[in-house]
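Chemist: Enclosed is the structure file target-v9.cif (mmCIF, C-alpha atoms and all ligand atoms; chains and numbers go by the auth columns).
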```cif
data_my_file
#
loop_
_atom_site.group_PDB
_atom_site.id
_atom_site.type_symbol
_atom_site.label_atom_id
_atom_site.label_comp_id
_atom_site.label_asym_id
_atom_site.label_seq_id
_atom_site.Cartn_x
_atom_site.Cartn_y
_atom_site.Cartn_z
_atom_site.B_iso_or_equiv
_atom_site.auth_seq_id
_atom_site.auth_asym_id
ATOM 1 C CA MET A 1 105.835 101.903 88.445 0.00 950 A
ATOM 2 C CA HIS A 2 103.634 99.135 89.787 0.00 951 A
ATOM 3 C CA GLU A 3 105.406 99.326 93.163 0.00 952 A
ATOM 4 C CA TYR A 4 105.162 103.115 93.160 0.00 953 A
ATOM 5 C CA SER A 5 101.349 103.120 93.156 0.00 954 A
ATOM 6 C CA ILE A 6 101.320 100.325 95.749 0.00 955 A
ATOM 7 C CA THR A 7 103.596 102.409 97.981 0.00 956 A
ATOM 8 C CA ILE A 8 101.281 105.413 97.620 0.00 957 A
ATOM 9 C CA SER A 9 98.294 103.349 98.787 0.00 958 A
ATOM 10 C CA ILE A 10 100.308 101.833 101.653 0.00 959 A
ATOM 11 C CA ILE A 11 101.183 105.338 102.842 0.00 960 A
ATOM 12 C CA GLU A 12 97.515 106.371 102.611 0.00 961 A
ATOM 13 C CA ILE A 13 96.465 103.390 104.730 0.00 962 A
ATOM 14 C CA LEU A 14 99.200 104.143 107.269 0.00 963 A
ATOM 15 C CA ARG A 15 98.204 107.816 107.484 0.00 964 A
ATOM 16 C CA GLU A 16 94.629 106.805 108.255 0.00 965 A
ATOM 17 C CA LEU A 17 95.871 104.441 110.934 0.00 966 A
ATOM 18 C CA ILE A 18 98.112 107.152 112.397 0.00 967 A
ATOM 19 C CA SER A 19 95.248 109.603 112.845 0.00 968 A
ATOM 20 C CA GLU A 20 92.852 106.909 114.024 0.00 969 A
ATOM 21 C CA LYS A 21 95.204 105.479 116.664 0.00 970 A
ATOM 22 C CA LYS A 22 97.028 108.756 117.352 0.00 971 A
ATOM 23 C CA ILE A 23 100.444 107.230 116.668 0.00 972 A
ATOM 24 C CA SER A 24 103.305 109.710 116.920 0.00 973 A
ATOM 25 C CA LYS A 25 106.020 107.512 115.430 0.00 974 A
ATOM 26 C CA ILE A 26 105.841 104.367 113.350 0.00 975 A
ATOM 27 C CA GLU A 27 108.757 102.046 113.933 0.00 976 A
ATOM 28 C CA LYS A 28 107.890 98.934 112.010 0.00 977 A
ATOM 29 C CA VAL A 29 105.363 97.829 109.436 0.00 978 A
ATOM 30 C CA ASN A 30 104.898 94.118 108.796 0.00 979 A
ATOM 31 C CA PHE A 31 103.636 93.097 105.381 0.00 980 A
ATOM 32 C CA GLU A 32 102.508 89.874 103.895 0.00 981 A
ATOM 33 C CA ILE A 33 103.068 89.437 100.166 0.00 982 A
ATOM 34 C CA SER A 34 101.386 86.889 97.994 0.00 983 A
ATOM 35 C CA PRO A 35 103.834 84.602 96.168 0.00 984 A
ATOM 36 C CA VAL A 36 102.018 85.468 92.937 0.00 985 A
ATOM 37 C CA ALA A 37 101.980 89.216 93.520 0.00 986 A
ATOM 38 C CA HIS A 38 105.144 89.997 91.505 0.00 987 A
ATOM 39 C CA ILE A 39 106.043 92.771 93.907 0.00 988 A
ATOM 40 C CA GLU A 40 109.639 93.728 94.529 0.00 989 A
ATOM 41 C CA PRO A 41 109.974 94.584 98.261 0.00 990 A
ATOM 42 C CA GLY A 42 113.182 96.522 97.588 0.00 991 A
ATOM 43 C CA SER A 43 111.321 98.899 95.279 0.00 992 A
ATOM 44 C CA ILE A 44 108.609 99.476 97.849 0.00 993 A
ATOM 45 C CA GLU A 45 111.261 100.268 100.443 0.00 994 A
ATOM 46 C CA PHE A 46 112.935 102.659 98.031 0.00 995 A
ATOM 47 C CA TYR A 47 109.749 104.569 97.162 0.00 996 A
ATOM 48 C CA PHE A 48 108.631 104.552 100.777 0.00 997 A
ATOM 49 C CA GLU A 49 111.915 106.152 101.840 0.00 998 A
ATOM 50 C CA CYS A 50 111.665 108.807 99.123 0.00 999 A
ATOM 51 C CA LEU A 51 108.046 109.623 99.914 0.00 1000 A
ATOM 52 C CA THR A 52 108.349 109.715 103.708 0.00 1001 A
ATOM 53 C CA SER A 53 111.815 111.201 104.251 0.00 1002 A
ATOM 54 C CA GLU A 54 110.268 114.489 105.422 0.00 1003 A
ATOM 55 C CA ASP A 55 107.536 112.818 107.434 0.00 1004 A
ATOM 56 C CA PRO A 56 108.139 112.888 111.217 0.00 1005 A
ATOM 57 C CA VAL A 57 105.774 109.953 111.826 0.00 1006 A
ATOM 58 C CA LEU A 58 106.541 107.657 108.910 0.00 1007 A
ATOM 59 C CA GLY A 59 110.147 108.596 108.184 0.00 1008 A
ATOM 60 C CA ASN A 60 112.631 105.900 109.276 0.00 1009 A
ATOM 61 C CA ALA A 61 109.955 103.244 109.662 0.00 1010 A
ATOM 62 C CA LYS A 62 111.281 99.755 108.976 0.00 1011 A
ATOM 63 C CA LEU A 63 109.364 97.685 106.462 0.00 1012 A
ATOM 64 C CA LEU A 64 109.369 93.941 106.923 0.00 1013 A
ATOM 65 C CA PHE A 65 108.082 91.644 104.211 0.00 1014 A
ATOM 66 C CA ASN A 66 106.899 88.129 104.694 0.00 1015 A
ATOM 67 C CA THR A 67 106.007 86.043 101.670 0.00 1016 A
ATOM 68 C CA GLN A 68 102.975 83.812 102.046 0.00 1017 A
ATOM 69 C CA LYS A 69 103.159 80.129 101.224 0.00 1018 A
ATOM 70 C CA THR A 70 101.759 79.218 97.839 0.00 1019 A
ATOM 71 C CA MET A 71 98.345 77.665 98.378 0.00 1020 A
ATOM 72 C CA VAL A 72 97.023 75.361 95.700 0.00 1021 A
ATOM 73 C CA SER A 73 93.519 74.052 95.266 0.00 1022 A
ATOM 74 C CA CYS A 74 92.678 70.769 93.558 0.00 1023 A
ATOM 75 C CA MET A 75 89.929 71.233 90.999 0.00 1024 A
ATOM 76 C CA ASP A 76 88.922 67.579 91.225 0.00 1025 A
ATOM 77 C CA CYS A 77 88.511 66.922 94.965 0.00 1026 A
ATOM 78 C CA LYS A 78 88.605 70.548 96.258 0.00 1027 A
ATOM 79 C CA GLU A 79 91.517 69.839 98.588 0.00 1028 A
ATOM 80 C CA ILE A 80 93.583 72.950 99.415 0.00 1029 A
ATOM 81 C CA PHE A 81 97.248 72.422 100.198 0.00 1030 A
ATOM 82 C CA GLU A 82 100.592 74.229 100.451 0.00 1031 A
ATOM 83 C CA SER A 83 103.000 73.893 97.600 0.00 1032 A
ATOM 84 C CA GLU A 84 106.476 75.110 96.679 0.00 1033 A
ATOM 85 C CA LYS A 85 105.671 74.875 93.008 0.00 1034 A
ATOM 86 C CA ILE A 86 103.039 76.395 90.772 0.00 1035 A
ATOM 87 C CA SER A 87 102.103 73.104 89.159 0.00 1036 A
ATOM 88 C CA ALA A 88 101.488 70.590 91.876 0.00 1037 A
ATOM 89 C CA VAL A 89 100.023 67.145 92.309 0.00 1038 A
ATOM 90 C CA CYS A 90 97.151 66.850 94.769 0.00 1039 A
ATOM 91 C CA PRO A 91 98.237 64.949 97.916 0.00 1040 A
ATOM 92 C CA ARG A 92 94.715 63.628 98.372 0.00 1041 A
ATOM 93 C CA CYS A 93 93.613 62.310 94.978 0.00 1042 A
ATOM 94 C CA GLY A 94 96.861 62.506 92.980 0.00 1043 A
ATOM 95 C CA GLY A 95 95.244 64.738 90.379 0.00 1044 A
ATOM 96 C CA SER A 96 97.191 67.474 88.638 0.00 1045 A
ATOM 97 C CA ASN A 97 94.206 69.666 87.862 0.00 1046 A
ATOM 98 C CA THR A 98 95.315 72.302 90.361 0.00 1047 A
ATOM 99 C CA LYS A 99 95.135 76.049 90.644 0.00 1048 A
ATOM 100 C CA ILE A 100 96.820 78.660 92.858 0.00 1049 A
ATOM 101 C CA VAL A 101 94.369 80.258 95.269 0.00 1050 A
ATOM 102 C CA ASN A 102 96.502 83.084 96.671 0.00 1051 A
ATOM 103 C CA THR A 103 95.237 86.480 95.690 0.00 1052 A
ATOM 104 C CA ASP A 104 97.533 88.814 93.849 0.00 1053 A
ATOM 105 C CA ASP A 105 98.273 91.335 96.557 0.00 1054 A
ATOM 106 C CA ILE A 106 100.194 92.742 99.472 0.00 1055 A
ATOM 107 C CA ARG A 107 98.688 93.559 102.836 0.00 1056 A
ATOM 108 C CA ILE A 108 99.699 95.201 106.080 0.00 1057 A
ATOM 109 C CA VAL A 109 99.650 92.627 108.864 0.00 1058 A
ATOM 110 C CA SER A 110 100.663 94.833 111.765 0.00 1059 A
ATOM 111 C CA VAL A 111 102.179 98.167 112.636 0.00 1060 A
ATOM 112 C CA GLU A 112 104.458 98.866 115.560 0.00 1061 A
ATOM 113 C CA GLY A 113 104.825 102.338 116.870 0.00 1062 A
ATOM 114 C CA SER A 114 104.219 104.641 119.766 0.00 1063 A
HETATM 115 ZN ZN ZN B . 92.577 66.274 94.613 0.00 1 B
#
```
Can you turn what I pasted into structure tokens?

Modeler:
Amino acid sequence: MHEYSITISIIEILRELISEKKISKIEKVNFEISPVAHIEPGSIEFYFECLTSEDPVLGNAKLLFNTQKTMVSCMDCKEIFESEKISAVCPRCGGSNTKIVNTDDIRIVSVEGS
């Protein structure tokens, strides 16, 4: 259900963009997903297809998802670095007092259409 409400807001954003930029057909939408967002791209695709199947502008648009790198901040020296893991050791001071700084969301990076 989480993905369902996200899909609804994505469609709202796209509809605004469509009327603003007078797009007649959206071909591709590029998304960026936070690694801590717990969003299933397949579910978004599924709901998007269901909700836009009758839509001449949005129907058949391809959704592409790109997961952001996990960014970690060191609480001791304030260094911010990329990490594969949630618990990481700071490359600068060696401290393990670290925290993920990515926000918990999904955003539209770009839209391709005509
Ligand atoms: Zn540090």

Chemist: What does the PyMOL selection byres (((not hetatm)) within 10 of (chain B and resi 1)) select in this file, as a PyMOL selection string?

Modeler: chain A and resi 1022-1030+1038-1047

Chemist: Care to translate the PyMOL selection byres (((chain A and resi 1034) around 12) and not hetatm) into actual residues of this file, as a PDB file with C-alpha atoms, keeping the file's coordinate frame?

Modeler:
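Written file, result_30.pdb:
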```pdb
ATOM      1  CA  PRO A 984     103.834  84.602  96.168  1.00  0.00           C
ATOM      2  CA  VAL A 985     102.018  85.468  92.937  1.00  0.00           C
ATOM      3  CA  LYS A1018     103.159  80.129 101.224  1.00  0.00           C
ATOM      4  CA  THR A1019     101.759  79.218  97.839  1.00  0.00           C
ATOM      5  CA  MET A1020      98.345  77.665  98.378  1.00  0.00           C
ATOM      6  CA  VAL A1021      97.023  75.361  95.700  1.00  0.00           C
ATOM      7  CA  PHE A1030      97.248  72.422 100.198  1.00  0.00           C
ATOM      8  CA  GLU A1031     100.592  74.229 100.451  1.00  0.00           C
ATOM      9  CA  SER A1032     103.000  73.893  97.600  1.00  0.00           C
ATOM     10  CA  GLU A1033     106.476  75.110  96.679  1.00  0.00           C
ATOM     11  CA  ILE A1035     103.039  76.395  90.772  1.00  0.00           C
ATOM     12  CA  SER A1036     102.103  73.104  89.159  1.00  0.00           C
ATOM     13  CA  ALA A1037     101.488  70.590  91.876  1.00  0.00           C
ATOM     14  CA  VAL A1038     100.023  67.145  92.309  1.00  0.00           C
ATOM     15  CA  CYS A1039      97.151  66.850  94.769  1.00  0.00           C
ATOM     16  CA  THR A1047      95.315  72.302  90.361  1.00  0.00           C
ATOM     17  CA  LYS A1048      95.135  76.049  90.644  1.00  0.00           C
ATOM     18  CA  ILE A1049      96.820  78.660  92.858  1.00  0.00           C
TER      19      ILE A1049
END
```

Chemist: Which residues match the PyMOL selection byres (((chain A and resi 975) around 7) and not hetatm) in the file above, as JSON, numbers by chain?

Modeler: {"A": [972, 973, 974, 976, 977, 1006, 1007, 1010, 1061, 1062, 1063]}

Chemist: Go ahead and write the residues just picked, C-alpha atoms, as a short mmCIF file (atom, residue, chain, number, x, y, z; two decimals), in the frame of the given file.

Modeler:
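Saved result, result_16.cif, follows:
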```cif
data_model
loop_
_atom_site.label_atom_id
_atom_site.label_comp_id
_atom_site.auth_asym_id
_atom_site.auth_seq_id
_atom_site.Cartn_x
_atom_site.Cartn_y
_atom_site.Cartn_z
CA ILE A 972 100.44 107.23 116.67
CA SER A 973 103.30 109.71 116.92
CA LYS A 974 106.02 107.51 115.43
CA GLU A 976 108.76 102.05 113.93
CA LYS A 977 107.89 98.93 112.01
CA VAL A 1006 105.77 109.95 111.83
CA LEU A 1007 106.54 107.66 108.91
CA ALA A 1010 109.96 103.24 109.66
CA GLU A 1061 104.46 98.87 115.56
CA GLY A 1062 104.82 102.34 116.87
CA SER A 1063 104.22 104.64 119.77
#
```

Chemist: When distances are computed from all atoms listed in the file, which of A:Ile967, A:Ala986, A:Val978, A:Cys999 shows the smallest separation from Asp1054 of chain A?

Modeler: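 Of A:Ile967, A:Ala986, A:Val978, A:Cys999, the one nearest Asp1054 of chain A is A:Ala986, counting all atoms listed in the file.
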
Chemist: Quick one, how far is atom CA of Ser992 of chain A from atom CA of Lys971 of chain A?

Modeler: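 Value for the atom CA of Ser992 of chain A-atom CA of Lys971 of chain A distance: 28.1 Å.
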
Chemist: Which distance in Å separates atom CA of His951 of chain A and atom CA of Ile988 of chain A, to one decimal?

Modeler: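 If I compute the distance from atom CA of His951 of chain A to atom CA of Ile988 of chain A, I get 8.0 Å.
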
Chemist: Which one of A:Asn1009, A:Thr1016, A:Arg964, A:Thr1001 sits closest to Asp1053 of chain A if you count only C-alpha atoms?

Modeler: A:Thr1016

Chemist: Can you work out the spacing between atom CA of Tyr996 of chain A and atom CA of Tyr953 of chain A in Å, to one decimal?

Modeler: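 That distance, rounded to one decimal, is 6.3 Å.
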
Chemist: Kindly compute an axis-aligned box around the listed atoms of segment 979-995 of chain A, allowing 6 Å on each side, and express its centre and edge lengths in Å to one decimal as lines of an AutoDock Vina configuration file.

Modeler:
```
center_x = 107.3
center_y = 93.6
center_z = 100.2
size_x = 23.8
size_y = 30.1
size_z = 29.3
```
